[in-house]
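Okay, so here's the structure we're looking at.
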Amino acid sequence: MNDRPQIKGTDPAGATLRASAVTAATAHQAEVTDDETDAALAAVRDRIAEGDAGRPAVLPRPRTVERWRTWAAQAALIAIVAGGAIALCQRSDDRKSIVPAADPTASIVTNSTDVPTTQTTTQTPTSEATSEATTTPTTTPATFALVQPIIPYFCASDYTCTQLANTDDGRIVAYEPTGEELVVFDSLGVSEVQRISLAEPLADAFPSFVDVGPDDVVYLSINTPGITDPSRDLLAIPLSGPAAGTVVKRWTGLDGTGDSTIVPQVDGLVVVGCCGFMEARPAADATRYPYVDRSGTTITSSTHATFRLDLTPGAGTLVRIDNGIETAFALPSEFQAPRDFPMVVATDDGGAVALDWIDLADGGGMLIAHFLAATSDNPARVDVYRVDTAQNAQIALMEPTDSVLVADGDHFTRKRVADIATQI
Amino acid sequence: MHDGEYDEFFRATYPRLVAIGMTMSSSRPVAQELAQETMLRAYHRRDELSSYDSPLAWCRRVMSNLIIDHYRSTMVEHSVVTRLRVDRIGANEATNDPAVAAASPRWENLIAPLTAPQRAIATLYYAEDLPVRAIASSLGISPGTVKSTLSKARASLRRHLAAQQEAHS
C-alpha cells in the first residue's frame with residue numbers, strides 16, 4: 001500500500017501545501033530565540049522545584065475532583081469506575097439480574113420534588129428505534145432508604161485499592177489488592193458468596209480491574225513486566241471452573257500511556273484512542289481483544305448492551321445497541337467532545353448513564369448524564385449532574401437504578417446520584 | 001539522563017516543539033505553554049526517555065495530544081465546534097521572508113477551517129514530513145484513522161488553496 005499517495009512531486013497541490021507547511025514551521029522555529037528557550041527552561045525548572053509533576057501523562061482520565069494532583073491516585077479510581085461501568089453494561093442487558101438497590105420495605109425518607117432541568121435533547125432516528133425529546137421538568141422519584149453493601153474497602157498502597165465490577169447476572173466482584181483476591185458478592189453486595197485467590201501474584205503496583213466478561217471471566221490490566229516503556233498487559237482470569245484464579249489468556253503490549261481506554265463491545269474489549277480523531281468511537285478498525293471462556297478459548301460474541309459514540313460536530317449522539325437494535329440519544333453540550341469514551345451504563349428503562357470528566361470554564365469536574373428513553377407518557381430527555389466537589393465522592397460502581405457505590409472509609413456505601421451530585 | 005543532559009535535550013527540543021505547536025495551533029502562547037508542559041513531563045520520564053530510540057517522537061506525541069486536548073476543551077467550553085481564528089497572529093508572522101511568503105499560501109490560513117485532529121495530522125504530514133505509519137505510531141492511533149483524517153484534511157486544504165490561488169489570480 002502506498003503510504004504517501006500523490007505527494008512529493010507528483011501532486012502540485014500537495015507540493016504547495018508541503019511548502020506552505022514547511023515554511024511556517026521553519027519560520028516558527030526560527031522565532032524561538034535562545035533567550036526564550038532559556039526562560040522556558042527556567043520556568044520548567046521552577047515547576048520541577050515546586051514538585052509539579054505536570055498534567056498526568058500516563059492516565060489522563062481523571063476521576064476525582066482534584067484532577068491533576070496525582071495521576072496514580074486517578075489511575076486507581078479510573079480503574080474502579082471503568083470496571084464498574086463496563087460490567088454494568090453487561091449486567092443491564094440481563095434484565096432478570098437487575099435488582100432494586102433500594103429496600104422497598106424501608107420508609108420513605110424524602111418526598112418527591114420537581115427539579116427544573118436545563119437540558120434539551122433530541123433522539124436521532126435509527127433503523128429500529130426513534131423518539132423525540134423535549135425539555136421537561138425533572139421529577140425526582142420517591143426516595144427509599146438504600147440497602148447498604150458489606151463490601152470492605154482496602155488499599156494495598158495509597159493508590160491501589162479495592163475495585164468493583166459486576167458479572168453478567170449482576171453479582172458484584174471485588175478485586176481486593178491486599179490479598180490479591182477476587183471476592184464475589186450477591187447483587188446487592190450484602191453477602192459474600194465466593195472468594196478466589198489469584199494462582200500467581202500480579203506483582204504490579206497498579207493493577208486495574210477492566211471488566212467481567214461473559215462466562216465469568218475477569219479481565220485485569222497490569223504493567224507489562226520488565227518493560228520500561230508505557231505498556232500494559234491484559235489478563236483473563238476465570239472466577240469459576242478448573243482454572244479459577246489462573247491466567248487463561250494474556251495479551252501484552254497494550255497502550256500504557258493513558259492516551260486510550262478500553263470499551264466493551266459485542267465481540268470483546270476494544271481500544272478507543274484519545275483526543276478526538278474518530279468521529280465514530282470505537283473506530284471500525286480499532287484494536288480488539290476478544291472475550292474468552294473459562295478455558296481461554298475465544299468467544300465470538302456476547303449479548304451485552306454496548307455503546308457507540310457518533311461524534312458529528314455539534315450533533316453527537318450516544319448509541320445504545322441491544323442485540324443489534326440501536327437507540328440514539330443526543331449528547332448534551334458538555335459531552336459533545338469527549339476525550340475518548342465516557343463510562344457508560346445501560347439502565348433498566350432502555351436509557352443510559354454516562355460519567356466523564358469534563359473541562360469547563362471553572363476548571364472542570366465529574367459530570368453524569370442520565371439519558372432517559374422515551375415512554376408512552378414522556379419524551380426522551382437527558383439530565384446532567386455535576387458531582388459535588390465538596391464531597392469528593394470516589395465512584396466505584398455505577399448501577400442502572402440511579403445509585404452508585406462510593407468508597408467511604410473502610411467500606412463502600414451505596415448512594416443516589418442526587419446525593420453526590422447537583423443537576424445542572 | 002542527568003540534569004545537564006536534560007538541559008541540553010531541552011534546548012534542542014523546545015524550539016521544535018514550539019514550532020510544531022504554532023504550526024498546528026497558530027497560537028504562540030498555546031504552543032509555548034504546551035511545549036513547557038511537554039518538557040516537564042519529559043523531565044519526569046527522563047530516564048525512560050534516554051532509552052528510547054527517538055525521544056523527540058515521544059515529545060511530539062505528547063505535544064500533539066496536548067494541543068488536541070486544549071482545543072477539545074475549548075470546544076466544550078463554547079458548547080460548539082469552534083474553529084481557530086485566523087487573526088490570532090499577525091499578517092507576516094509566519095515568515096520573515098516576503099518572497100517565501102508570497103510564493104507559499106500562509107499555512108495558518110489554510111488550516112484554519114480544519115478540526116484540531118486534522119490540523120495535527122496535516123502538520124505532522126506536511127511540515128514534519130512524517131509518513132502515515134509514523135504519524136499513527138507517533139499519535140498512538142491506527143494508520144487507517146490517520147489516512148481517513150488526512151484525506152478529509154487534504155480535501156479541505158486543497159479547496160482553500162484553490163480559493164486562495166484564484167483570489168490571487
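Chain lettering (A, B, ...) mirrors the order of the C-alpha cells, residue numbering begins at 1 for each chain separately, and ligand numbering begins at 1 in order of display.
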Notebook entry, point to check: Contacts of Ile196 (chain A) at 8 Å or less, counting only C-alpha atoms, minus same-chain residues fewer than 3 places along, as a list in words?
Noted result: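 The residues that qualify are Glu181, Leu182, Val183, Leu239, Ala244 and Gly245 of chain A.
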Would you put the residues from that selection into a file with N, CA and C atoms, as a PDB file, in the first residue's frame?
```pdb
ATOM      1  N   GLU A 181      -7.040 -11.051  45.840  1.00  0.00           N
ATOM      2  CA  GLU A 181      -8.168 -11.976  45.759  1.00  0.00           C
ATOM      3  C   GLU A 181      -9.297 -11.334  44.961  1.00  0.00           C
ATOM      4  N   LEU A 182     -10.105 -12.194  44.358  1.00  0.00           N
ATOM      5  CA  LEU A 182     -11.358 -11.771  43.740  1.00  0.00           C
ATOM      6  C   LEU A 182     -12.483 -12.265  44.634  1.00  0.00           C
ATOM      7  N   VAL A 183     -13.270 -11.365  45.148  1.00  0.00           N
ATOM      8  CA  VAL A 183     -14.333 -11.718  46.090  1.00  0.00           C
ATOM      9  C   VAL A 183     -15.673 -11.427  45.422  1.00  0.00           C
ATOM     10  N   LEU A 239     -13.519 -16.822  37.172  1.00  0.00           N
ATOM     11  CA  LEU A 239     -13.979 -16.809  38.558  1.00  0.00           C
ATOM     12  C   LEU A 239     -14.356 -18.203  39.024  1.00  0.00           C
ATOM     13  N   ALA A 244     -10.094 -21.582  37.804  1.00  0.00           N
ATOM     14  CA  ALA A 244     -10.453 -20.389  38.581  1.00  0.00           C
ATOM     15  C   ALA A 244      -9.212 -19.777  39.242  1.00  0.00           C
ATOM     16  N   GLY A 245      -9.030 -18.502  39.057  1.00  0.00           N
ATOM     17  CA  GLY A 245      -7.912 -17.804  39.688  1.00  0.00           C
ATOM     18  C   GLY A 245      -6.627 -17.817  38.890  1.00  0.00           C
TER      19      GLY A 245
END
```
List the spatial neighbours of region 13-26 of chain B as a PDB file with C-alpha atoms, in the first residue's frame - criterion: any atom at most 8 Å away, only C-alpha atoms, same-chain residues fewer than 2 positions off excluded.
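Dumped to selection_36.pdb:
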```
ATOM      1  CA  ALA A  21       3.662  23.992   5.972  1.00  0.00           C
ATOM      2  CA  ALA A  24       5.513  28.070   8.509  1.00  0.00           C
ATOM      3  CA  ALA A  25       7.246  25.506  10.716  1.00  0.00           C
ATOM      4  CA  THR A  26      10.704  26.751   9.802  1.00  0.00           C
ATOM      5  CA  ALA A  27       9.721  30.335  10.479  1.00  0.00           C
ATOM      6  CA  HIS A  28       8.132  29.425  13.787  1.00  0.00           C
ATOM      7  CA  GLN A  29      11.203  27.531  14.928  1.00  0.00           C
ATOM      8  CA  ALA A  30      13.472  30.400  13.904  1.00  0.00           C
ATOM      9  CA  VAL A  32      12.233  30.851  19.180  1.00  0.00           C
ATOM     10  CA  THR A  37      14.339  28.808  25.356  1.00  0.00           C
TER      11      THR A  37
ATOM     12  CA  PHE B   9      17.841  17.957  25.413  1.00  0.00           C
ATOM     13  CA  PHE B  10      15.522  20.803  26.403  1.00  0.00           C
ATOM     14  CA  ARG B  11      17.417  23.387  24.367  1.00  0.00           C
ATOM     15  CA  ARG B  28       2.150  31.234  20.151  1.00  0.00           C
ATOM     16  CA  VAL B  30      -0.638  27.958  23.469  1.00  0.00           C
ATOM     17  CA  ALA B  31       2.413  26.496  21.753  1.00  0.00           C
ATOM     18  CA  GLN B  32       4.749  27.859  24.435  1.00  0.00           C
ATOM     19  CA  LEU B  34       2.146  23.188  25.940  1.00  0.00           C
ATOM     20  CA  ALA B  35       5.775  22.849  24.903  1.00  0.00           C
ATOM     21  CA  GLN B  36       6.758  23.591  28.501  1.00  0.00           C
ATOM     22  CA  MET B  39       9.168  19.183  28.563  1.00  0.00           C
ATOM     23  CA  LEU B  56      11.616  13.598  20.099  1.00  0.00           C
ATOM     24  CA  CYS B  59       7.637  14.585  22.880  1.00  0.00           C
ATOM     25  CA  ARG B  60       5.899  15.153  19.575  1.00  0.00           C
ATOM     26  CA  MET B  63       2.651  17.815  22.339  1.00  0.00           C
ATOM     27  CA  SER B  64       0.155  16.835  19.660  1.00  0.00           C
ATOM     28  CA  ILE B  67      -2.882  20.598  21.621  1.00  0.00           C
ATOM     29  CA  LEU B  84      -9.297  28.579  15.271  1.00  0.00           C
ATOM     30  CA  VAL B  86      -7.032  33.175  11.634  1.00  0.00           C
ATOM     31  CA  ARG B  88      -4.596  35.230  16.169  1.00  0.00           C
ATOM     32  CA  ILE B  89      -1.253  36.071  14.651  1.00  0.00           C
ATOM     33  CA  TRP B 107      -0.351  27.726   6.341  1.00  0.00           C
ATOM     34  CA  GLU B 108      -2.325  29.366   9.121  1.00  0.00           C
ATOM     35  CA  ALA B 116      -7.812  20.070  15.783  1.00  0.00           C
ATOM     36  CA  ARG B 119      -4.525  20.155  11.925  1.00  0.00           C
ATOM     37  CA  ALA B 120      -2.325  17.880  13.991  1.00  0.00           C
ATOM     38  CA  THR B 123       1.080  19.345  10.315  1.00  0.00           C
ATOM     39  CA  ALA B 127       5.527  20.142   7.979  1.00  0.00           C
TER      40      ALA B 127
END
```
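The space between CA of Leu40 (chain B) and CA of Val44 (chain A) spans 6.0 Å.
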Next item on the list: List the neighbours of Pro143 (chain B) out to 9 Å using only C-alpha atoms; skip same-chain residues closer than 5 positions along the sequence, and give me the result as JSON, numbers by chain.
Entry: {"B": [132, 133, 134, 135, 136, 137, 148]}
